>>> print(open('start-v8.cif').read())   # mmCIF, C-alpha atoms
data_protein
loop_
_atom_site.label_atom_id
_atom_site.label_comp_id
_atom_site.auth_asym_id
_atom_site.auth_seq_id
_atom_site.Cartn_x
_atom_site.Cartn_y
_atom_site.Cartn_z
CA MET M 25 103.00 90.82 113.12
CA ALA M 26 106.44 90.32 114.64
CA ARG M 27 108.70 87.75 113.00
CA ILE M 28 112.08 86.42 114.08
CA ALA M 29 114.70 87.63 111.60
CA ASP M 30 116.82 84.93 109.98
CA ASP M 31 119.97 84.88 107.83
CA SER M 32 118.03 85.67 104.66
CA ASP M 33 116.84 88.99 106.18
CA PHE M 34 120.39 90.07 107.00
CA GLU M 35 121.57 89.04 103.53
CA ALA M 36 118.80 91.16 102.05
CA LEU M 37 119.90 94.08 104.25
CA LYS M 38 123.47 93.82 102.91
CA ARG M 39 122.24 93.78 99.31
CA LEU M 40 120.09 96.81 100.05
CA VAL M 41 122.98 98.93 101.37
CA ASP M 42 125.57 97.74 98.82
CA ASN M 43 123.53 97.87 95.61
CA HIS M 44 123.02 101.36 94.11
CA ASP M 45 120.70 100.40 91.24
CA GLY M 46 117.69 102.72 91.25
CA TRP M 47 119.20 105.06 93.86
CA THR M 48 119.85 108.78 93.37
CA LEU M 49 122.88 110.47 94.94
CA GLU M 50 121.47 113.49 96.78
CA LEU M 51 124.52 114.61 98.77
CA SER M 52 128.24 113.87 98.81
CA LYS M 53 130.25 115.59 101.53
CA SER M 54 133.75 114.51 102.62
CA ASP M 55 133.31 110.84 103.67
CA THR M 56 129.49 110.83 103.67
CA GLN M 57 127.13 110.05 100.78
CA VAL M 58 123.33 110.23 100.97
CA TYR M 59 121.11 108.33 98.51
CA THR M 60 117.32 108.23 98.04
CA ARG M 61 115.01 105.91 96.18
CA PRO M 62 111.22 105.95 95.61
CA VAL M 63 109.19 103.01 96.87
CA ALA M 64 106.18 101.69 94.97
CA GLY M 65 102.91 102.22 96.81
CA CYS M 66 104.33 104.80 99.25
CA ASN M 67 104.80 108.58 99.01
CA PHE M 68 107.89 108.62 101.23
CA ASN M 69 111.33 107.83 99.80
CA MET M 70 113.84 105.37 101.20
CA VAL M 71 117.12 106.88 102.45
CA LYS M 72 120.59 105.34 102.48
CA ILE M 73 123.80 106.74 103.99
CA HIS M 74 127.43 105.63 103.58
CA THR M 75 130.09 107.10 105.88
CA GLU M 76 133.49 106.32 107.44
CA PHE M 77 134.61 106.79 111.05
CA ALA M 78 138.39 107.04 111.08
CA ASP M 79 138.89 106.92 114.86
CA VAL M 80 135.94 104.80 116.06
CA THR M 81 135.79 101.01 115.91
CA ALA M 82 132.78 99.03 114.75
CA ASP M 83 132.42 97.43 118.21
CA ILE M 84 131.95 100.81 119.90
CA VAL M 85 129.37 102.00 117.35
CA PHE M 86 127.51 98.71 117.77
CA ASP M 87 127.44 99.22 121.55
CA VAL M 88 126.26 102.84 121.23
CA LEU M 89 123.34 101.78 119.03
CA HIS M 90 122.32 99.12 121.58
CA ASP M 91 122.91 100.70 124.99
CA PRO M 92 119.53 102.07 126.25
CA ASP M 93 121.12 103.95 129.19
CA TYR M 94 123.61 105.82 127.02
CA ARG M 95 120.93 106.79 124.52
CA LYS M 96 119.34 108.96 127.21
CA VAL M 97 122.61 110.93 127.29
CA TRP M 98 123.27 111.64 123.62
CA ASP M 99 119.78 111.46 122.00
CA SER M 100 118.34 114.94 122.66
CA HIS M 101 115.07 114.16 120.83
CA MET M 102 114.14 111.10 122.91
CA LEU M 103 111.16 111.64 125.22
CA ALA M 104 110.72 108.09 126.51
CA SER M 105 112.26 104.66 126.01
CA GLU M 106 111.22 101.32 127.46
CA GLU M 107 112.33 97.74 126.98
CA ILE M 108 109.14 95.71 126.58
CA GLY M 109 110.82 92.30 126.49
CA ILE M 110 112.91 89.82 124.53
CA LEU M 111 111.80 87.22 122.00
CA ASN M 112 115.18 85.44 122.05
CA VAL M 113 118.82 86.37 122.63
CA ASN M 114 118.99 88.27 119.30
CA ASN M 115 115.49 89.79 119.11
CA ASP M 116 113.72 92.22 121.43
CA VAL M 117 110.76 94.63 121.39
CA GLY M 118 110.87 98.18 122.75
CA TYR M 119 108.96 101.46 122.90
CA TYR M 120 110.50 104.76 121.74
CA ALA M 121 109.02 108.29 121.74
CA MET M 122 110.67 111.35 120.21
CA SER M 123 109.94 115.06 120.17
CA CYS M 124 109.22 117.12 117.06
CA PRO M 125 109.54 120.87 116.55
CA PRO M 126 106.30 122.78 117.23
CA PRO M 127 103.57 122.83 116.11
CA LEU M 128 104.06 119.14 115.25
CA LYS M 129 102.98 116.47 117.74
CA PRO M 130 105.62 114.04 119.08
CA ARG M 131 105.96 110.65 117.40
CA ASP M 132 106.28 107.24 119.03
CA PHE M 133 107.18 103.75 117.81
CA VAL M 134 106.91 100.13 118.94
CA LEU M 135 109.95 98.47 117.37
CA GLN M 136 111.30 94.96 117.06
CA ARG M 137 115.10 94.85 116.85
CA SER M 138 117.16 91.99 115.45
CA TRP M 139 120.97 91.90 115.44
CA LEU M 140 123.80 89.69 114.25
CA ASP M 141 127.53 89.82 115.03
CA THR M 142 129.71 87.68 112.74
CA GLY M 143 132.98 88.24 114.63
CA PRO M 144 135.83 90.77 115.05
CA GLN M 145 136.83 90.76 111.37
CA GLY M 146 133.33 90.28 110.09
CA GLU M 147 130.19 92.38 110.06
CA GLN M 148 127.81 93.66 112.71
CA MET M 149 124.22 94.27 111.65
CA LEU M 150 121.18 95.76 113.34
CA LEU M 151 117.70 95.57 111.83
CA SER M 152 114.46 97.04 113.22
CA ARG M 153 110.87 97.63 112.12
CA SER M 154 107.51 98.59 113.60
CA VAL M 155 105.33 95.91 115.19
CA PRO M 156 102.12 96.10 117.22
CA HIS M 157 101.89 95.07 120.88
CA LYS M 158 98.73 94.39 122.86
CA ASN M 159 99.95 96.36 125.90
CA TYR M 160 101.16 99.41 123.94
CA PRO M 161 98.30 100.85 121.85
CA PRO M 162 98.54 104.38 120.40
CA LYS M 163 98.70 107.02 123.14
CA LYS M 164 96.85 110.29 123.41
CA GLY M 165 99.06 113.24 122.50
CA TYR M 166 101.37 111.14 120.29
CA VAL M 167 101.24 110.17 116.63
CA ARG M 168 102.07 106.49 116.12
CA ALA M 169 104.65 106.53 113.33
CA MET M 170 105.59 103.56 111.16
CA SER M 171 109.10 102.25 110.47
CA TYR M 172 109.07 99.84 107.55
CA ILE M 173 112.80 99.16 107.86
CA THR M 174 115.79 100.67 109.68
CA GLY M 175 119.12 98.91 109.25
CA PHE M 176 122.80 99.39 110.13
CA VAL M 177 125.74 97.47 108.66
CA LEU M 178 129.12 98.00 110.38
CA ARG M 179 132.37 96.79 108.83
CA THR M 180 135.96 97.15 109.94
CA ASN M 181 137.94 99.48 107.71
CA GLU M 182 140.74 97.49 106.08
CA ASN M 183 142.90 100.58 105.66
CA SER M 184 142.86 101.50 109.37
CA LYS M 185 142.61 99.20 112.38
CA THR M 186 140.82 101.82 114.49
CA GLY M 187 138.24 102.88 111.91
CA CYS M 188 135.00 101.46 110.55
CA ILE M 189 132.55 101.86 107.68
CA LEU M 190 128.88 102.50 108.52
CA LYS M 191 126.05 101.89 106.07
CA TYR M 192 122.55 102.94 107.06
CA VAL M 193 119.15 102.53 105.38
CA ALA M 194 115.70 103.67 106.53
CA HIS M 195 112.16 103.83 105.21
CA CYS M 196 109.66 105.47 107.58
CA ASP M 197 106.21 107.03 107.48
CA PRO M 198 105.84 109.79 110.11
CA GLN M 199 102.02 109.66 109.76
CA GLY M 200 100.01 112.75 110.66
CA THR M 201 99.59 115.70 108.28
CA LEU M 202 103.19 116.17 107.13
CA PRO M 203 103.30 116.56 103.32
CA PRO M 204 105.42 113.84 101.67
CA TRP M 205 107.29 116.29 99.41
CA LEU M 206 108.55 118.19 102.45
CA VAL M 207 109.64 115.04 104.29
CA ASN M 208 111.45 113.76 101.19
CA LYS M 209 113.20 117.11 100.81
CA VAL M 210 114.37 117.26 104.42
CA THR M 211 115.51 113.65 104.92
CA HIS M 212 118.66 113.85 102.82
CA THR M 213 119.76 116.97 104.74
CA LEU M 214 119.18 115.35 108.13
CA GLY M 215 121.41 112.38 107.29
CA PRO M 216 124.76 114.11 107.84
CA ARG M 217 123.51 115.55 111.17
CA MET M 218 122.52 112.11 112.41
CA VAL M 219 125.92 110.71 111.42
CA LYS M 220 127.70 113.59 113.16
CA ASP M 221 125.77 113.05 116.42
CA LEU M 222 126.38 109.30 116.31
CA LYS M 223 130.12 109.77 115.83
CA LYS M 224 130.29 112.25 118.71
CA ALA M 225 128.43 109.81 120.96
CA ALA M 226 130.74 106.95 119.96
CA LEU M 227 133.84 108.96 120.86
CA GLY M 228 132.58 109.50 124.42
CA TYR M 229 131.07 106.06 125.06
CA ALA M 230 134.11 104.31 126.53
CA SER M 231 134.74 106.96 129.19
CA TRP M 232 131.02 107.19 130.06
CA LYS M 233 130.73 103.42 130.47
CA LEU M 234 133.54 103.38 133.07
CA THR M 235 131.56 105.79 135.27
CA GLN M 236 128.50 103.50 135.41
CA PRO M 237 127.86 101.14 138.37
CA HIS M 238 127.71 98.17 136.05
CA LEU M 239 129.35 97.21 132.75
CA ARG M 240 126.51 95.04 131.46
CA LYS M 241 126.17 94.44 127.72
CA PRO M 242 123.31 91.97 127.30
CA TRP M 243 123.37 92.33 123.51
CA ARG M 244 126.81 90.69 123.60
CA PHE M 245 126.46 88.47 126.66
CA PRO M 246 123.02 86.78 126.85
CA GLU M 247 123.57 85.71 130.48
CA GLU M 248 123.26 89.38 131.47
CA ILE M 249 119.74 89.74 130.04
CA ARG M 250 117.25 90.99 132.65
CA CYS M 251 114.29 91.88 130.46
CA PRO M 252 111.19 89.70 130.71
CA ARG M 253 110.60 87.03 128.11
CA ILE M 254 107.58 87.79 125.90
CA SER M 255 105.73 85.71 123.35
CA ILE M 256 105.53 86.55 119.69
CA ASP M 257 101.75 86.12 120.01
CA ASP M 258 101.71 89.42 121.95
CA CYS M 259 102.67 91.20 118.74
CA LEU M 260 99.75 90.21 116.54
CA ASP M 261 97.85 92.41 114.13
CA THR M 262 95.53 91.97 111.15
CA THR M 263 97.81 94.09 108.93
CA THR M 264 101.42 93.12 108.33
CA VAL M 265 104.31 95.54 107.83
CA PRO M 266 106.46 94.26 104.92
CA LEU M 267 110.24 94.56 104.97
CA ALA M 268 111.62 96.73 102.17
CA LEU M 269 113.77 94.19 100.34
CA PRO M 270 115.83 94.56 97.15
CA PRO M 271 114.57 93.00 93.90
CA ALA M 272 116.52 89.75 94.40
CA ALA M 273 114.88 89.00 97.73
CA ALA M 274 111.48 90.14 96.50
CA ALA M 275 111.71 87.73 93.55
CA THR M 276 112.35 84.78 95.86
CA ARG M 277 109.30 85.68 97.88
CA ASN M 278 107.15 85.99 94.77
CA VAL M 279 108.01 82.37 93.90
CA GLN M 280 106.56 81.20 97.19
CA GLN M 281 103.34 83.16 96.83
CA PRO M 282 101.50 80.72 94.48
CA GLN M 283 101.57 78.10 97.25
CA GLN M 284 99.71 80.46 99.57
CA GLN M 285 97.10 81.63 97.05
CA PRO M 286 94.72 78.64 97.46
CA GLN M 287 94.44 79.37 101.19
CA GLN M 288 93.55 82.99 100.50
CA GLN M 289 90.93 81.93 97.97
CA ILE M 290 89.35 79.58 100.50
CA ASN M 291 89.20 82.36 103.07
CA THR M 292 87.55 84.72 100.60
CA GLN M 293 84.94 82.13 99.67
CA THR M 294 83.87 81.26 103.20
CA PRO M 295 81.72 84.39 103.71
CA LEU M 296 79.79 83.55 100.55
CA GLN M 297 78.88 80.09 101.92
CA GLN M 298 77.09 81.46 104.96
CA PRO M 299 73.27 81.00 104.82
CA THR M 300 71.36 84.12 104.03
CA THR M 301 68.77 85.22 106.57
CA GLN M 302 65.27 86.13 105.37
CA ARG M 303 64.25 89.71 105.93
CA LYS M 304 60.75 91.04 106.46
CA LEU M 305 59.50 92.94 103.46
CA PRO M 306 58.62 96.56 104.25
CA GLN M 307 55.15 97.90 103.63
CA LEU M 308 54.56 99.51 100.30
CA LYS M 309 55.16 103.24 100.35
CA ALA M 310 54.86 105.95 97.77
CA GLN M 311 57.93 108.17 97.37
CA THR M 312 57.71 111.90 96.89
CA ASN M 313 60.54 114.37 96.46
CA GLY M 314 62.53 114.28 99.68
CA ARG M 315 59.82 112.54 101.75
CA VAL M 316 58.21 109.11 101.95
CA LEU M 317 54.44 109.05 102.41
CA PRO M 318 52.15 106.07 103.06
CA ILE M 319 49.71 105.14 100.32
CA LEU M 320 46.14 106.08 101.10
CA HIS M 321 44.28 102.85 100.55
CA LYS M 322 40.65 103.19 99.37
CA LYS M 323 37.94 100.88 100.56
CA ALA M 324 36.58 98.70 97.82
CA GLN M 325 32.88 99.35 97.30
CA SER M 326 30.96 96.11 97.29
CA THR M 327 28.71 95.61 94.23
CA PRO M 328 25.08 94.79 95.00
CA ALA M 329 24.03 91.19 94.49
CA SER M 330 21.92 90.42 91.43
CA PRO M 331 18.18 89.93 92.25
CA VAL M 332 16.72 86.43 92.20
CA VAL M 333 13.94 85.99 89.66
CA GLU M 334 11.07 83.97 91.00
CA GLU M 335 8.47 82.18 89.02
CA ALA M 336 5.35 84.27 88.20
CA LYS M 337 2.22 83.43 90.13
CA PHE M 338 -1.27 84.46 89.05
CA LEU M 339 -3.15 85.87 92.05
CA LYS M 340 -6.78 86.67 92.50
CA ARG M 341 -8.15 90.22 92.82
CA ASP M 342 -8.70 89.95 96.57
CA GLU M 343 -5.20 88.73 97.15
CA LEU M 344 -3.83 91.54 94.99
CA LYS M 345 -5.67 94.13 97.07
CA GLU M 346 -4.42 92.65 100.34
CA LYS M 347 -0.81 92.74 99.10
CA ALA M 348 -1.14 96.18 97.57
CA THR M 349 -1.89 97.84 100.91
CA PRO M 350 1.32 96.70 102.62
CA LEU M 351 3.33 97.72 99.54
CA GLU M 352 1.90 101.24 99.74
CA ASP M 353 2.78 101.35 103.44
CA LYS M 354 6.31 100.24 102.67
CA ARG M 355 6.67 102.92 99.98
CA LYS M 356 5.52 105.54 102.48
CA ASP M 357 8.09 104.29 104.96
CA GLU M 358 10.82 104.29 102.31
CA LYS M 359 10.15 107.85 101.14
CA PRO M 360 11.72 109.59 104.19
CA LYS M 361 14.78 107.31 103.95
CA LYS M 362 15.88 108.74 100.61
CA PRO M 363 17.44 111.88 102.09
CA LYS M 364 19.56 109.76 104.42
CA ASP M 365 20.97 107.81 101.47
CA ALA M 366 21.76 111.10 99.73
CA LYS M 367 23.50 112.44 102.80
CA ASP M 368 25.62 109.28 103.06
CA ALA M 369 26.59 109.55 99.42
CA LYS M 370 27.51 113.20 99.86
CA ALA M 371 29.56 112.35 102.98
CA LYS M 372 31.43 109.64 101.11
CA GLU M 373 32.19 111.99 98.23
CA ALA M 374 33.34 114.64 100.68
CA SER M 375 35.63 112.15 102.42
CA LYS M 376 37.05 111.12 99.05
CA ASP M 377 37.70 114.73 98.11
CA SER M 378 39.30 115.44 101.49
CA SER M 379 41.58 112.39 101.19
CA VAL M 380 42.64 113.47 97.72
CA LYS M 381 43.20 117.01 98.94
CA SER M 382 45.17 115.80 101.96
CA SER M 383 47.44 113.65 99.78
CA LYS M 384 48.04 116.57 97.41
CA GLU M 385 48.79 118.87 100.33
CA LEU M 386 51.23 116.35 101.77
CA GLU M 387 52.97 116.08 98.41
CA LYS M 388 53.25 119.86 98.21
CA GLU M 389 54.64 120.02 101.74
CA ALA M 390 57.14 117.27 100.93
CA LYS M 391 58.33 119.11 97.83
CA ALA M 392 58.70 122.35 99.76
CA ALA M 393 60.62 120.60 102.54
CA ALA M 394 62.94 118.95 99.99
CA LYS M 395 63.69 122.28 98.34
CA GLU M 396 64.43 123.93 101.67
CA SER M 397 66.73 121.07 102.75
CA LYS M 398 68.64 121.31 99.47
CA LYS M 399 69.08 125.04 99.88
CA LEU M 400 70.29 124.64 103.47
CA SER M 401 72.74 121.85 102.54
CA LYS M 402 74.18 123.92 99.68
CA ALA M 403 74.58 126.95 101.94
CA ALA M 404 76.25 124.85 104.66
CA ALA M 405 78.62 123.28 102.13
CA LYS M 406 79.58 126.70 100.79
CA GLU M 407 80.22 128.02 104.30
CA ALA M 408 82.32 124.96 105.22
CA ALA M 409 84.38 125.23 102.03
CA ALA M 410 84.96 128.95 102.61
CA ALA M 411 86.01 128.31 106.22
CA GLU M 412 88.40 125.50 105.22
CA SER M 413 90.00 127.60 102.48
CA ALA M 414 90.42 130.52 104.87
CA LEU M 415 92.02 128.31 107.51
CA ALA M 416 94.31 126.70 104.94
CA LYS M 417 95.48 130.10 103.72
CA LYS M 418 96.14 131.28 107.26
CA GLU M 419 98.06 128.11 108.13
CA LYS M 420 100.18 128.41 104.99
CA LYS M 421 101.02 132.02 105.77
CA GLU M 422 101.80 131.38 109.44
CA LYS M 423 103.63 128.07 109.13
CA GLY M 424 105.45 128.74 105.83
CA LEU M 425 109.13 129.34 106.49
CA THR M 426 109.03 128.60 110.25
CA LYS M 427 107.78 125.08 109.69
CA ARG M 428 110.44 124.33 107.06
CA ARG M 429 113.24 125.71 109.20
CA SER M 430 112.08 123.83 112.26
CA LEU M 431 111.91 120.54 110.36
CA LEU M 432 115.58 120.88 109.50
CA ASN M 433 116.33 120.17 113.17
CA LEU M 434 114.74 116.70 112.99
CA LYS M 435 116.95 113.67 113.53
CA PHE M 436 116.46 110.03 112.77
#
>>> encode(input="start-v8.cif", output="C-alpha cells")
Amino acid sequence: MARIADDSDFEALKRLVDNHDGWTLELSKSDTQVYTRPVAGCNFNMVKIHTEFADVTADIVFDVLHDPDYRKVWDSHMLASEEIGILNVNNDVGYYAMSCPPPLKPRDFVLQRSWLDTGPQGEQMLLSRSVPHKNYPPKKGYVRAMSYITGFVLRTNENSKTGCILKYVAHCDPQGTLPPWLVNKVTHTLGPRMVKDLKKAALGYASWKLTQPHLRKPWRFPEEIRCPRISIDDCLDTTTVPLALPPAAAATRNVQQPQQQPQQQINTQTPLQQPTTQRKLPQLKAQTNGRVLPILHKKAQSTPASPVVEEAKFLKRDELKEKATPLEDKRKDEKPKKPKDAKDAKAKEASKDSSVKSSKELEKEAKAAAKESKKLSKAAAKEAAAAESALAKKEKKEKGLTKRRSLLNLKF
C-alpha cells in the first residue's frame, strides 16, 4: 500500500547511503565506487553507488531525475511513461516500462515517488518504491517487476561550487525467470554505465530546456502542477512492500510492533469463532485398490416364528376319521409344492453365488485398473522429465554466452 514519506524515511535513506557496515566494495573506478549487500529473505542483493560530478550542479541532476519529458530523450530503454497522479506536492504515482535484451520480456513498474529539497546548500533527496494501483494491473506481454527501494541523495561538493556528490541505492526484484546469481553479478557492472548516462544527460539538460515551449518545473513550483489529484485509497493491496531500512530504523520499528500484535491475534482468531456447518454423512463404501465400490447389502432372512402349543384334546374315533381325511388331502396337495420350494432355494443360492462372483470380479477389475493407471502415470512422468531436461539443456546451450552478454547492456 502507498504511504506518504515523512522525515524519518529520508533520514533512514541518508543512513543507508552513508553507512558502509555490512557492505562489500565490488568496484572502485576513478570517482565511482559500487557496493553490494545481501538482504535477508531475498535472493537479490542491494546495490549502492557513490560518485562525483565535477561540472554538474546538484540542482540540474535533481531536475534531470524529475523531468518526464527529458527522460524520453536520454533514457534509451524506456518504452512508456505515464504520470498517474499526485498524492500531495511532494508525492506522486507513475507508470514506467522498460525494454530488456531478447529473449527477455520487457519489465514495467508502478512507482510512488517522494522528494525533499532542503535548500541550495543542503541536500536534495528522491525516494521511490513499487505500489499497486487499481487502474494499472499487470499487462499482457510485460513482467511486473518490484522495486523495494530506489533512492538518490544529492549534495553540493564543498571543494567546487559547480560540482556535486551523488549517492544512489537500489533494491529491486526483476521477477520472471532470471537467476538471482546472474542478476547479482551484472548489477555492479551496470552501475558505472548508469552514472555515465546520467552525467551525459545532465550536461545537456540546460540547453534542451531552453528549446521547449514551456519551462515548467512542477517538482519545484507546486502551482505548476497539472496532474490529477488521486487518493491513497487507489493504491491498496493485501501485501505490503517494506522499505529497506538500515538497522537503526528497523530497530525503532520493532519497538512499535508489540502494540500491533494484539490486533493481529484478534484477526487470526475471528475465523475460528465462525459456526461450523453440519455436513451430510456419505453412504458407507468399501474401498478397493484404486476404485471405490458400493457394499453389496444382503437381505436378512427372517426366522420362522415358533409354533404355538395348544392344549391336548381327546377326540372320539368318528371325529378322528373325519379329521384324518382332510389331512390326507392336504398332504396330497402339499406334495407337488416341494419342488417349488427347492427351486426357490436353488435360485437364492445361485443369486448369492452370482453376487459374490460379481463383487470378486469388480475387485479384480479395480485392481487391474489401478495397476494400469500407475503404469501410465509413471510413464507420463518419465516422459515429462525427459522433455524438461532436454529443453533445459537446449536452452542452456543456446542462451549461454549470448544471454550474459546481452544482460550487460541493462541499465537501471
>>> closest_residue(input="start-v8.cif", among="M:Ile249, M:Leu40, M:Met170, M:Val97", to="M:Asp116", atoms="all atoms listed in the file")
M:Ile249
>>> atom_distance(input="start-v8.cif", atom1="atom CA of M:Glu76", atom2="atom CA of M:Cys124")
28.3 Å
>>> closest_residue(input="start-v8.cif", among="M:Thr48, M:Gln199, M:Thr75, M:Asn181", to="M:Asp132", atoms="only C-alpha atoms")
M:Gln199
>>> atom_distance(input="start-v8.cif", atom1="atom CA of M:Lys129", atom2="atom CA of M:Lys163")
11.7 Å
>>> atom_distance(input="start-v8.cif", atom1="atom CA of M:Ala414", atom2="atom CA of M:Thr201")
17.8 Å
>>> residues_around(input="start-v8.cif", residues="M:Ala230", least_positions_apart="2", cutoff="12 Å", atoms="all atoms listed in the file", output="mmCIF file with C-alpha atoms, in the coordinates of the input")
data_model
loop_
_atom_site.group_PDB
_atom_site.id
_atom_site.type_symbol
_atom_site.label_atom_id
_atom_site.label_comp_id
_atom_site.auth_asym_id
_atom_site.auth_seq_id
_atom_site.Cartn_x
_atom_site.Cartn_y
_atom_site.Cartn_z
ATOM 1 C CA VAL M 80 135.940 104.800 116.060
ATOM 2 C CA THR M 81 135.790 101.010 115.910
ATOM 3 C CA ASP M 83 132.420 97.430 118.210
ATOM 4 C CA ILE M 84 131.950 100.810 119.900
ATOM 5 C CA VAL M 85 129.370 102.000 117.350
ATOM 6 C CA ASP M 87 127.440 99.220 121.550
ATOM 7 C CA VAL M 88 126.260 102.840 121.230
ATOM 8 C CA ASP M 91 122.910 100.700 124.990
ATOM 9 C CA TYR M 94 123.610 105.820 127.020
ATOM 10 C CA LYS M 224 130.290 112.250 118.710
ATOM 11 C CA ALA M 225 128.430 109.810 120.960
ATOM 12 C CA ALA M 226 130.740 106.950 119.960
ATOM 13 C CA LEU M 227 133.840 108.960 120.860
ATOM 14 C CA GLY M 228 132.580 109.500 124.420
ATOM 15 C CA TRP M 232 131.020 107.190 130.060
ATOM 16 C CA LYS M 233 130.730 103.420 130.470
ATOM 17 C CA LEU M 234 133.540 103.380 133.070
ATOM 18 C CA THR M 235 131.560 105.790 135.270
ATOM 19 C CA GLN M 236 128.500 103.500 135.410
ATOM 20 C CA LEU M 239 129.350 97.210 132.750
#
>>> resolve_selection(input="start-v8.cif", expression="the PyMOL selection byres ((chain M and resi 205) around 12)", output="PyMOL selection string")
chain M and resi 62+66-69+201-204+206-211+428
>>> write_last_selection(input="start-v8.cif", atoms="C-alpha atoms", output="mmCIF file, keeping the file's coordinate frame")
data_model
loop_
_atom_site.group_PDB
_atom_site.id
_atom_site.type_symbol
_atom_site.label_atom_id
_atom_site.label_comp_id
_atom_site.auth_asym_id
_atom_site.auth_seq_id
_atom_site.Cartn_x
_atom_site.Cartn_y
_atom_site.Cartn_z
ATOM 1 C CA PRO M 62 111.220 105.950 95.610
ATOM 2 C CA CYS M 66 104.330 104.800 99.250
ATOM 3 C CA ASN M 67 104.800 108.580 99.010
ATOM 4 C CA PHE M 68 107.890 108.620 101.230
ATOM 5 C CA ASN M 69 111.330 107.830 99.800
ATOM 6 C CA THR M 201 99.590 115.700 108.280
ATOM 7 C CA LEU M 202 103.190 116.170 107.130
ATOM 8 C CA PRO M 203 103.300 116.560 103.320
ATOM 9 C CA PRO M 204 105.420 113.840 101.670
ATOM 10 C CA LEU M 206 108.550 118.190 102.450
ATOM 11 C CA VAL M 207 109.640 115.040 104.290
ATOM 12 C CA ASN M 208 111.450 113.760 101.190
ATOM 13 C CA LYS M 209 113.200 117.110 100.810
ATOM 14 C CA VAL M 210 114.370 117.260 104.420
ATOM 15 C CA THR M 211 115.510 113.650 104.920
ATOM 16 C CA ARG M 428 110.440 124.330 107.060
#
>>> resolve_selection(input="start-v8.cif", expression="the PyMOL selection byres ((chain M and resi 194) around 10)", output="count of residues only")
21
>>> closest_residue(input="start-v8.cif", among="M:Glu396, M:Glu248, M:Glu182, M:Asp99", to="M:Gln145", atoms="only C-alpha atoms")
M:Glu182
>>> residues_around(input="start-v8.cif", residues="M:Phe86", least_positions_apart="5", cutoff="12 Å", atoms="all atoms listed in the file", output="NGL selection string")
:M and (80-81 or 91 or 139-141 or 144 or 147-151 or 175-180 or 188-190 or 222-223 or 225-226 or 229 or 241 or 243-244)
>>> resolve_selection(input="start-v8.cif", expression="the PyMOL selection byres ((chain M and resi 119) around 8)", output="ChimeraX atom specification")
/M:104-108,117-118,120-121,132-135
>>> axis_aligned_box(input="start-v8.cif", around="stretch 221-226 of chain M", padding_each_side="5 Å", output="JSON")
{"center_x": 128.3, "center_y": 110.0, "center_z": 118.4, "size_x": 15.0, "size_y": 16.1, "size_z": 15.1}
>>> closest_residue(input="start-v8.cif", among="M:Ser231, M:Ser401, M:Asn115, M:Ser54", to="M:Arg253", atoms="all atoms listed in the file")
M:Asn115
